[in-house]
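This is work-v5.cif. It holds mmCIF, N, CA and C atoms and all ligand atoms.
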data_input
loop_
_atom_site.label_atom_id
_atom_site.label_comp_id
_atom_site.auth_asym_id
_atom_site.auth_seq_id
_atom_site.Cartn_x
_atom_site.Cartn_y
_atom_site.Cartn_z
N MET A 1 -32.91 114.94 54.16
CA MET A 1 -33.08 114.50 55.56
C MET A 1 -34.00 115.50 56.28
N PRO A 2 -35.02 114.99 56.93
CA PRO A 2 -35.96 115.92 57.59
C PRO A 2 -35.30 116.65 58.75
N ARG A 3 -35.71 117.87 58.90
CA ARG A 3 -35.17 118.68 59.98
C ARG A 3 -35.68 118.16 61.32
N SER A 4 -34.82 118.09 62.27
CA SER A 4 -35.20 117.58 63.59
C SER A 4 -35.99 118.63 64.36
N ARG A 5 -37.10 118.20 64.92
CA ARG A 5 -37.88 119.12 65.75
C ARG A 5 -38.11 118.45 67.10
N ARG A 6 -37.04 117.99 67.70
CA ARG A 6 -37.16 117.18 68.91
C ARG A 6 -37.52 117.99 70.14
N ASN A 7 -37.15 119.26 70.14
CA ASN A 7 -37.40 120.03 71.36
C ASN A 7 -38.89 120.32 71.53
N ARG A 8 -39.37 120.18 72.73
CA ARG A 8 -40.72 120.53 73.13
C ARG A 8 -41.78 119.67 72.46
N ARG A 9 -41.42 118.51 71.99
CA ARG A 9 -42.45 117.65 71.42
C ARG A 9 -43.30 117.06 72.54
N PRO A 10 -44.61 117.16 72.45
CA PRO A 10 -45.44 116.63 73.54
C PRO A 10 -45.40 115.12 73.57
N PRO A 11 -45.53 114.53 74.75
CA PRO A 11 -45.46 113.07 74.88
C PRO A 11 -46.54 112.33 74.13
N GLY A 12 -47.71 112.92 74.00
CA GLY A 12 -48.75 112.14 73.36
C GLY A 12 -49.86 112.96 72.74
N GLN A 13 -50.06 112.77 71.44
CA GLN A 13 -51.25 113.30 70.79
C GLN A 13 -52.38 112.30 71.00
N VAL A 14 -53.55 112.79 71.31
CA VAL A 14 -54.66 111.90 71.64
C VAL A 14 -55.85 112.22 70.73
N HIS A 15 -56.28 111.18 70.02
CA HIS A 15 -57.41 111.31 69.11
C HIS A 15 -58.61 110.65 69.80
N VAL A 16 -59.61 111.46 70.16
CA VAL A 16 -60.74 110.96 70.93
C VAL A 16 -61.87 110.56 69.99
N ILE A 17 -62.36 109.34 70.17
CA ILE A 17 -63.47 108.84 69.35
C ILE A 17 -64.48 108.15 70.26
N CYS A 18 -65.64 107.82 69.66
CA CYS A 18 -66.59 106.91 70.31
C CYS A 18 -67.08 105.94 69.25
N THR A 19 -67.10 104.67 69.61
CA THR A 19 -67.66 103.64 68.72
C THR A 19 -68.91 103.02 69.34
N GLY A 20 -69.31 103.50 70.51
CA GLY A 20 -70.45 102.87 71.18
C GLY A 20 -70.23 101.39 71.43
N ARG A 21 -68.98 101.05 71.76
CA ARG A 21 -68.57 99.65 71.92
C ARG A 21 -68.84 98.85 70.65
N GLY A 22 -68.53 99.45 69.52
CA GLY A 22 -68.67 98.77 68.24
C GLY A 22 -70.06 98.84 67.64
N VAL A 23 -70.95 99.60 68.25
CA VAL A 23 -72.34 99.66 67.78
C VAL A 23 -72.49 100.65 66.63
N HIS A 24 -71.73 101.73 66.67
CA HIS A 24 -71.84 102.71 65.58
C HIS A 24 -70.46 103.01 65.01
N ASP A 25 -70.46 103.68 63.85
CA ASP A 25 -69.19 104.05 63.23
C ASP A 25 -68.44 105.01 64.16
N PRO A 26 -67.11 104.97 64.10
CA PRO A 26 -66.34 105.85 64.98
C PRO A 26 -66.69 107.32 64.77
N VAL A 27 -67.04 107.97 65.85
CA VAL A 27 -67.33 109.40 65.83
C VAL A 27 -66.11 110.12 66.39
N PRO A 28 -65.45 110.94 65.57
CA PRO A 28 -64.30 111.68 66.10
C PRO A 28 -64.74 112.94 66.83
N PHE A 29 -64.05 113.26 67.90
CA PHE A 29 -64.34 114.47 68.64
C PHE A 29 -63.24 115.49 68.42
N ARG A 30 -63.64 116.74 68.40
CA ARG A 30 -62.71 117.84 68.39
C ARG A 30 -62.93 118.66 69.64
N PRO A 31 -61.93 119.30 70.18
CA PRO A 31 -60.55 119.26 69.71
C PRO A 31 -59.82 117.99 70.13
N ASP A 32 -58.72 117.71 69.41
CA ASP A 32 -57.81 116.65 69.84
C ASP A 32 -57.21 117.01 71.19
N LEU A 33 -56.87 115.98 71.94
CA LEU A 33 -56.21 116.19 73.22
C LEU A 33 -54.73 115.85 73.08
N ARG A 34 -53.98 116.25 74.05
CA ARG A 34 -52.58 115.84 74.09
C ARG A 34 -52.12 115.84 75.53
N MET A 35 -51.17 114.98 75.79
CA MET A 35 -50.56 114.93 77.11
C MET A 35 -49.25 115.69 77.06
N ILE A 36 -49.04 116.47 78.08
CA ILE A 36 -47.75 117.16 78.19
C ILE A 36 -47.18 116.89 79.57
N ARG A 37 -45.89 116.97 79.64
CA ARG A 37 -45.23 116.85 80.94
C ARG A 37 -44.65 118.22 81.28
N THR A 38 -45.08 118.75 82.39
CA THR A 38 -44.61 120.08 82.76
C THR A 38 -43.20 120.00 83.31
N SER A 39 -42.59 121.17 83.47
CA SER A 39 -41.19 121.20 83.89
C SER A 39 -40.99 120.58 85.27
N ASP A 40 -42.05 120.57 86.09
CA ASP A 40 -41.90 119.94 87.42
C ASP A 40 -42.32 118.47 87.41
N GLY A 41 -42.51 117.92 86.21
CA GLY A 41 -42.77 116.49 86.09
C GLY A 41 -44.22 116.10 86.15
N GLN A 42 -45.11 117.07 86.31
CA GLN A 42 -46.53 116.77 86.36
C GLN A 42 -47.04 116.50 84.94
N VAL A 43 -47.91 115.51 84.81
CA VAL A 43 -48.52 115.22 83.52
C VAL A 43 -49.86 115.94 83.44
N ARG A 44 -50.03 116.72 82.41
CA ARG A 44 -51.30 117.43 82.21
C ARG A 44 -51.92 116.99 80.91
N VAL A 45 -53.25 116.98 80.89
CA VAL A 45 -53.97 116.73 79.66
C VAL A 45 -54.46 118.08 79.15
N MET A 46 -54.09 118.42 77.91
CA MET A 46 -54.48 119.69 77.31
C MET A 46 -55.29 119.40 76.05
N TRP A 47 -55.84 120.42 75.46
CA TRP A 47 -56.51 120.24 74.18
C TRP A 47 -55.90 121.21 73.18
N ASN A 48 -56.13 120.90 71.90
CA ASN A 48 -55.63 121.74 70.82
C ASN A 48 -56.50 122.99 70.73
N ARG A 49 -56.00 124.08 71.23
CA ARG A 49 -56.81 125.29 71.34
C ARG A 49 -57.13 125.91 70.00
N ARG A 50 -56.38 125.56 68.98
CA ARG A 50 -56.71 126.08 67.65
C ARG A 50 -57.97 125.44 67.09
N GLN A 51 -58.36 124.29 67.66
CA GLN A 51 -59.55 123.59 67.17
C GLN A 51 -60.81 123.99 67.93
N GLY A 52 -60.69 124.86 68.90
CA GLY A 52 -61.87 125.32 69.60
C GLY A 52 -61.77 125.17 71.10
N PRO A 53 -62.87 125.46 71.78
CA PRO A 53 -62.87 125.39 73.24
C PRO A 53 -62.72 123.96 73.73
N GLY A 54 -62.20 123.81 74.91
CA GLY A 54 -61.94 122.48 75.46
C GLY A 54 -63.20 121.80 75.94
N PRO A 55 -63.23 120.47 75.84
CA PRO A 55 -64.40 119.71 76.33
C PRO A 55 -64.32 119.53 77.83
N VAL A 56 -64.40 120.63 78.55
CA VAL A 56 -64.26 120.59 80.00
C VAL A 56 -65.46 121.26 80.65
N THR A 57 -65.67 120.94 81.92
CA THR A 57 -66.86 121.45 82.59
C THR A 57 -66.75 122.93 82.91
N GLY A 58 -65.53 123.43 83.04
CA GLY A 58 -65.36 124.82 83.38
C GLY A 58 -65.41 125.10 84.87
N PHE A 59 -65.69 124.08 85.65
CA PHE A 59 -65.64 124.26 87.10
C PHE A 59 -64.20 124.10 87.55
N GLY A 60 -63.65 125.14 88.07
CA GLY A 60 -62.26 125.08 88.50
C GLY A 60 -62.12 124.27 89.77
N ALA A 61 -61.40 123.18 89.69
CA ALA A 61 -61.17 122.37 90.88
C ALA A 61 -60.08 123.02 91.73
N ALA A 62 -60.07 122.66 93.00
CA ALA A 62 -59.11 123.26 93.92
C ALA A 62 -57.67 122.94 93.52
N ASP A 63 -57.49 121.79 92.85
CA ASP A 63 -56.13 121.40 92.45
C ASP A 63 -55.71 122.03 91.12
N GLY A 64 -56.60 122.83 90.50
CA GLY A 64 -56.26 123.50 89.26
C GLY A 64 -56.39 122.63 88.03
N LEU A 65 -56.84 121.40 88.21
CA LEU A 65 -56.99 120.51 87.06
C LEU A 65 -58.40 120.62 86.48
N GLU A 66 -58.55 120.15 85.26
CA GLU A 66 -59.84 120.23 84.57
C GLU A 66 -60.63 118.95 84.77
N THR A 67 -61.94 119.04 84.52
CA THR A 67 -62.76 117.85 84.40
C THR A 67 -63.25 117.78 82.96
N TYR A 68 -62.86 116.72 82.28
CA TYR A 68 -63.25 116.56 80.88
C TYR A 68 -64.66 115.99 80.80
N ASP A 69 -65.41 116.48 79.83
CA ASP A 69 -66.84 116.19 79.74
C ASP A 69 -67.17 116.05 78.24
N ILE A 70 -67.30 114.80 77.80
CA ILE A 70 -67.47 114.54 76.37
C ILE A 70 -68.72 113.70 76.18
N ARG A 71 -69.60 114.15 75.30
CA ARG A 71 -70.84 113.42 75.07
C ARG A 71 -70.91 113.01 73.59
N CYS A 72 -71.26 111.74 73.36
CA CYS A 72 -71.34 111.25 71.99
C CYS A 72 -72.73 111.55 71.42
N GLY A 73 -72.75 112.17 70.24
CA GLY A 73 -74.02 112.50 69.62
C GLY A 73 -74.71 111.30 68.99
N SER A 74 -73.99 110.19 68.81
CA SER A 74 -74.58 109.01 68.17
C SER A 74 -75.25 108.09 69.17
N CYS A 75 -74.56 107.76 70.27
CA CYS A 75 -75.12 106.80 71.22
C CYS A 75 -75.47 107.45 72.55
N GLY A 76 -75.18 108.74 72.71
CA GLY A 76 -75.53 109.43 73.93
C GLY A 76 -74.63 109.14 75.10
N ARG A 77 -73.58 108.37 74.85
CA ARG A 77 -72.65 108.03 75.92
C ARG A 77 -72.01 109.31 76.46
N HIS A 78 -71.91 109.37 77.76
CA HIS A 78 -71.41 110.57 78.41
C HIS A 78 -70.15 110.22 79.20
N PHE A 79 -69.07 110.78 78.78
CA PHE A 79 -67.78 110.50 79.40
C PHE A 79 -67.35 111.72 80.19
N LYS A 80 -67.28 111.56 81.49
CA LYS A 80 -66.88 112.66 82.36
C LYS A 80 -65.75 112.15 83.23
N CYS A 81 -64.66 112.85 83.24
CA CYS A 81 -63.45 112.30 83.85
C CYS A 81 -62.54 113.42 84.32
N HIS A 82 -62.10 113.30 85.54
CA HIS A 82 -61.15 114.26 86.08
C HIS A 82 -59.82 114.12 85.35
N GLU A 83 -59.14 115.23 85.22
CA GLU A 83 -57.92 115.25 84.40
C GLU A 83 -56.85 114.27 84.87
N ASP A 84 -56.68 114.11 86.17
CA ASP A 84 -55.60 113.22 86.61
C ASP A 84 -55.92 111.76 86.27
N ARG A 85 -57.19 111.39 86.37
CA ARG A 85 -57.57 110.03 85.98
C ARG A 85 -57.48 109.85 84.47
N LEU A 86 -57.85 110.88 83.73
CA LEU A 86 -57.76 110.81 82.27
C LEU A 86 -56.31 110.62 81.83
N GLY A 87 -55.40 111.29 82.52
CA GLY A 87 -53.99 111.12 82.20
C GLY A 87 -53.52 109.69 82.39
N ILE A 88 -54.01 109.05 83.46
CA ILE A 88 -53.66 107.66 83.72
C ILE A 88 -54.24 106.76 82.63
N ILE A 89 -55.48 107.04 82.23
CA ILE A 89 -56.12 106.24 81.17
C ILE A 89 -55.36 106.39 79.86
N ILE A 90 -54.99 107.62 79.52
CA ILE A 90 -54.28 107.86 78.26
C ILE A 90 -52.92 107.16 78.28
N ALA A 91 -52.23 107.24 79.43
CA ALA A 91 -50.93 106.57 79.54
C ALA A 91 -51.08 105.07 79.35
N ALA A 92 -52.15 104.50 79.93
CA ALA A 92 -52.40 103.06 79.77
C ALA A 92 -52.72 102.72 78.32
N MET A 93 -53.51 103.58 77.67
CA MET A 93 -53.83 103.37 76.25
C MET A 93 -52.57 103.43 75.38
N ALA A 94 -51.71 104.39 75.69
CA ALA A 94 -50.48 104.54 74.91
C ALA A 94 -49.63 103.28 75.03
N GLU A 95 -49.54 102.75 76.23
CA GLU A 95 -48.75 101.55 76.45
C GLU A 95 -49.38 100.37 75.71
N PHE A 96 -50.70 100.27 75.83
CA PHE A 96 -51.44 99.19 75.18
C PHE A 96 -51.27 99.26 73.67
N GLN A 97 -51.26 100.48 73.13
CA GLN A 97 -51.16 100.66 71.68
C GLN A 97 -49.71 100.76 71.22
N GLY A 98 -48.77 100.64 72.15
CA GLY A 98 -47.36 100.64 71.79
C GLY A 98 -46.85 101.97 71.30
N ILE A 99 -47.43 103.05 71.82
CA ILE A 99 -47.05 104.39 71.39
C ILE A 99 -46.18 105.02 72.46
N ARG A 100 -45.01 105.45 72.05
CA ARG A 100 -44.09 106.07 72.99
C ARG A 100 -44.18 107.58 72.90
N GLY A 101 -43.54 108.21 73.86
CA GLY A 101 -43.65 109.66 73.99
C GLY A 101 -43.24 110.44 72.76
N ASP A 102 -42.21 109.99 72.06
CA ASP A 102 -41.74 110.81 70.95
C ASP A 102 -42.30 110.35 69.61
N ASP A 103 -43.29 109.49 69.65
CA ASP A 103 -43.96 109.10 68.41
C ASP A 103 -44.90 110.21 67.95
N ASN A 104 -45.10 110.29 66.66
CA ASN A 104 -46.11 111.21 66.14
C ASN A 104 -47.45 110.51 65.96
N THR A 105 -47.49 109.20 66.20
CA THR A 105 -48.73 108.45 66.06
C THR A 105 -49.68 108.85 67.18
N PRO A 106 -50.89 109.25 66.84
CA PRO A 106 -51.80 109.61 67.93
C PRO A 106 -52.28 108.39 68.70
N ILE A 107 -52.49 108.59 69.98
CA ILE A 107 -53.14 107.59 70.82
C ILE A 107 -54.64 107.69 70.54
N VAL A 108 -55.29 106.55 70.32
CA VAL A 108 -56.72 106.56 70.09
C VAL A 108 -57.43 106.27 71.41
N LEU A 109 -58.30 107.19 71.79
CA LEU A 109 -59.05 107.04 73.04
C LEU A 109 -60.53 106.87 72.69
N ASP A 110 -61.01 105.63 72.81
CA ASP A 110 -62.43 105.34 72.54
C ASP A 110 -63.18 105.45 73.86
N ILE A 111 -63.98 106.49 73.99
CA ILE A 111 -64.61 106.75 75.29
C ILE A 111 -65.60 105.65 75.66
N SER A 112 -66.09 104.90 74.67
CA SER A 112 -67.06 103.85 74.98
C SER A 112 -66.40 102.62 75.62
N LEU A 113 -65.06 102.57 75.57
CA LEU A 113 -64.36 101.41 76.12
C LEU A 113 -63.83 101.67 77.51
N ILE A 114 -64.14 102.83 78.06
CA ILE A 114 -63.64 103.18 79.39
C ILE A 114 -64.76 103.02 80.40
N GLU A 115 -64.49 102.19 81.37
CA GLU A 115 -65.49 101.99 82.41
C GLU A 115 -65.58 103.19 83.32
N ARG A 116 -66.74 103.42 83.82
CA ARG A 116 -66.89 104.50 84.79
C ARG A 116 -66.21 104.11 86.10
N ALA A 117 -65.68 105.12 86.76
CA ALA A 117 -65.02 104.87 88.05
C ALA A 117 -66.06 104.46 89.09
ZN ZN B 1 -71.04 106.81 70.82
#

Show this structure as structure tokens.
Amino acid sequence: MPRSRRNRRPPGQVHVICTGRGVHDPVPFRPDLRMIRTSDGQVRVMWNRRQGPGPVTGFGAADGLETYDIRCGSCGRHFKCHEDRLGIIIAAMAEFQGIRGDDNTPIVLDISLIERA
């Protein structure tokens, strides 16, 4: 029987790709992202720091959140998104893909399928 590792499991692993709306083969981006819920109930989008620096602009917003900035090398699509909006998008993707918080299945985020705000 596998050992339970239920404590501190993040709500969502996020695998970021671009398909250019089906025009090119899926391009995976590193690092992977993940959603976490902080102790005060805030949802934050983080990245896997072991895989390298985060795809963020580095401009510190007044609210302390990041702005994610991902560019596809195949189709040139440029995805730039404030962290709070990205969290809403990821949550919607998780629901659409039927992935719950304690699943180990990653949420797939295709940046080419997200409309600009
Ligand atoms: Zn692309």

Write as a PDB file with N, CA and C atoms, in the frame of the given file the residues around ligand ZN 1 (chain B), taking 7 Å as the cut-off and counting all atoms listed in the file.
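Writing done, so here's result_15.pdb:
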ATOM      1  N   ILE A  17     -62.360 109.340  70.170  1.00  0.00           N
ATOM      2  CA  ILE A  17     -63.470 108.840  69.350  1.00  0.00           C
ATOM      3  C   ILE A  17     -64.480 108.150  70.260  1.00  0.00           C
ATOM      4  N   CYS A  18     -65.640 107.820  69.660  1.00  0.00           N
ATOM      5  CA  CYS A  18     -66.590 106.910  70.310  1.00  0.00           C
ATOM      6  C   CYS A  18     -67.080 105.940  69.250  1.00  0.00           C
ATOM      7  N   THR A  19     -67.100 104.670  69.610  1.00  0.00           N
ATOM      8  CA  THR A  19     -67.660 103.640  68.720  1.00  0.00           C
ATOM      9  C   THR A  19     -68.910 103.020  69.340  1.00  0.00           C
ATOM     10  N   GLY A  20     -69.310 103.500  70.510  1.00  0.00           N
ATOM     11  CA  GLY A  20     -70.450 102.870  71.180  1.00  0.00           C
ATOM     12  C   GLY A  20     -70.230 101.390  71.430  1.00  0.00           C
ATOM     13  N   ARG A  21     -68.980 101.050  71.760  1.00  0.00           N
ATOM     14  CA  ARG A  21     -68.570  99.650  71.920  1.00  0.00           C
ATOM     15  C   ARG A  21     -68.840  98.850  70.650  1.00  0.00           C
ATOM     16  N   HIS A  24     -71.730 101.730  66.670  1.00  0.00           N
ATOM     17  CA  HIS A  24     -71.840 102.710  65.580  1.00  0.00           C
ATOM     18  C   HIS A  24     -70.460 103.010  65.010  1.00  0.00           C
ATOM     19  N   VAL A  27     -67.040 107.970  65.850  1.00  0.00           N
ATOM     20  CA  VAL A  27     -67.330 109.400  65.830  1.00  0.00           C
ATOM     21  C   VAL A  27     -66.110 110.120  66.390  1.00  0.00           C
ATOM     22  N   ARG A  71     -69.600 114.150  75.300  1.00  0.00           N
ATOM     23  CA  ARG A  71     -70.840 113.420  75.070  1.00  0.00           C
ATOM     24  C   ARG A  71     -70.910 113.010  73.590  1.00  0.00           C
ATOM     25  N   CYS A  72     -71.260 111.740  73.360  1.00  0.00           N
ATOM     26  CA  CYS A  72     -71.340 111.250  71.990  1.00  0.00           C
ATOM     27  C   CYS A  72     -72.730 111.550  71.420  1.00  0.00           C
ATOM     28  N   GLY A  73     -72.750 112.170  70.240  1.00  0.00           N
ATOM     29  CA  GLY A  73     -74.020 112.500  69.620  1.00  0.00           C
ATOM     30  C   GLY A  73     -74.710 111.300  68.990  1.00  0.00           C
ATOM     31  N   SER A  74     -73.990 110.190  68.810  1.00  0.00           N
ATOM     32  CA  SER A  74     -74.580 109.010  68.170  1.00  0.00           C
ATOM     33  C   SER A  74     -75.250 108.090  69.170  1.00  0.00           C
ATOM     34  N   CYS A  75     -74.560 107.760  70.270  1.00  0.00           N
ATOM     35  CA  CYS A  75     -75.120 106.800  71.220  1.00  0.00           C
ATOM     36  C   CYS A  75     -75.470 107.450  72.550  1.00  0.00           C
ATOM     37  N   GLY A  76     -75.180 108.740  72.710  1.00  0.00           N
ATOM     38  CA  GLY A  76     -75.530 109.430  73.930  1.00  0.00           C
ATOM     39  C   GLY A  76     -74.630 109.140  75.100  1.00  0.00           C
ATOM     40  N   ARG A  77     -73.580 108.370  74.850  1.00  0.00           N
ATOM     41  CA  ARG A  77     -72.650 108.030  75.920  1.00  0.00           C
ATOM     42  C   ARG A  77     -72.010 109.310  76.460  1.00  0.00           C
ATOM     43  N   SER A 112     -66.090 104.900  74.670  1.00  0.00           N
ATOM     44  CA  SER A 112     -67.060 103.850  74.980  1.00  0.00           C
ATOM     45  C   SER A 112     -66.400 102.620  75.620  1.00  0.00           C
TER      46      SER A 112
END

**Message:** So that I can check the surroundings of Ala91 in chain A, please list as an MDAnalysis selection string every protein, DNA and RNA residue that reaches within 10 Å of it, counting only C-alpha atoms and ignoring chain neighbours fewer than 3 positions away.
**Reply:** chainID A and resid 11:12 35 43 85:88 94:97 99:101 107

**Message:** Residues near Gln51 in chain A, anyone? I mean within 8 Å using all atoms listed in the file, not counting same-chain ones fewer than 6 positions away, as an MDAnalysis selection string.
**Reply:** chainID A and resid 30:32

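One finds atom N of Gly64 in chain A at 23.6 Å from CA of Ile114 in chain A.
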
**Asked** Quick one: distance from atom N of Gln13 in chain A to atom C of Ala61 in chain A in Å, one decimal?
**Response** 24.8 Å
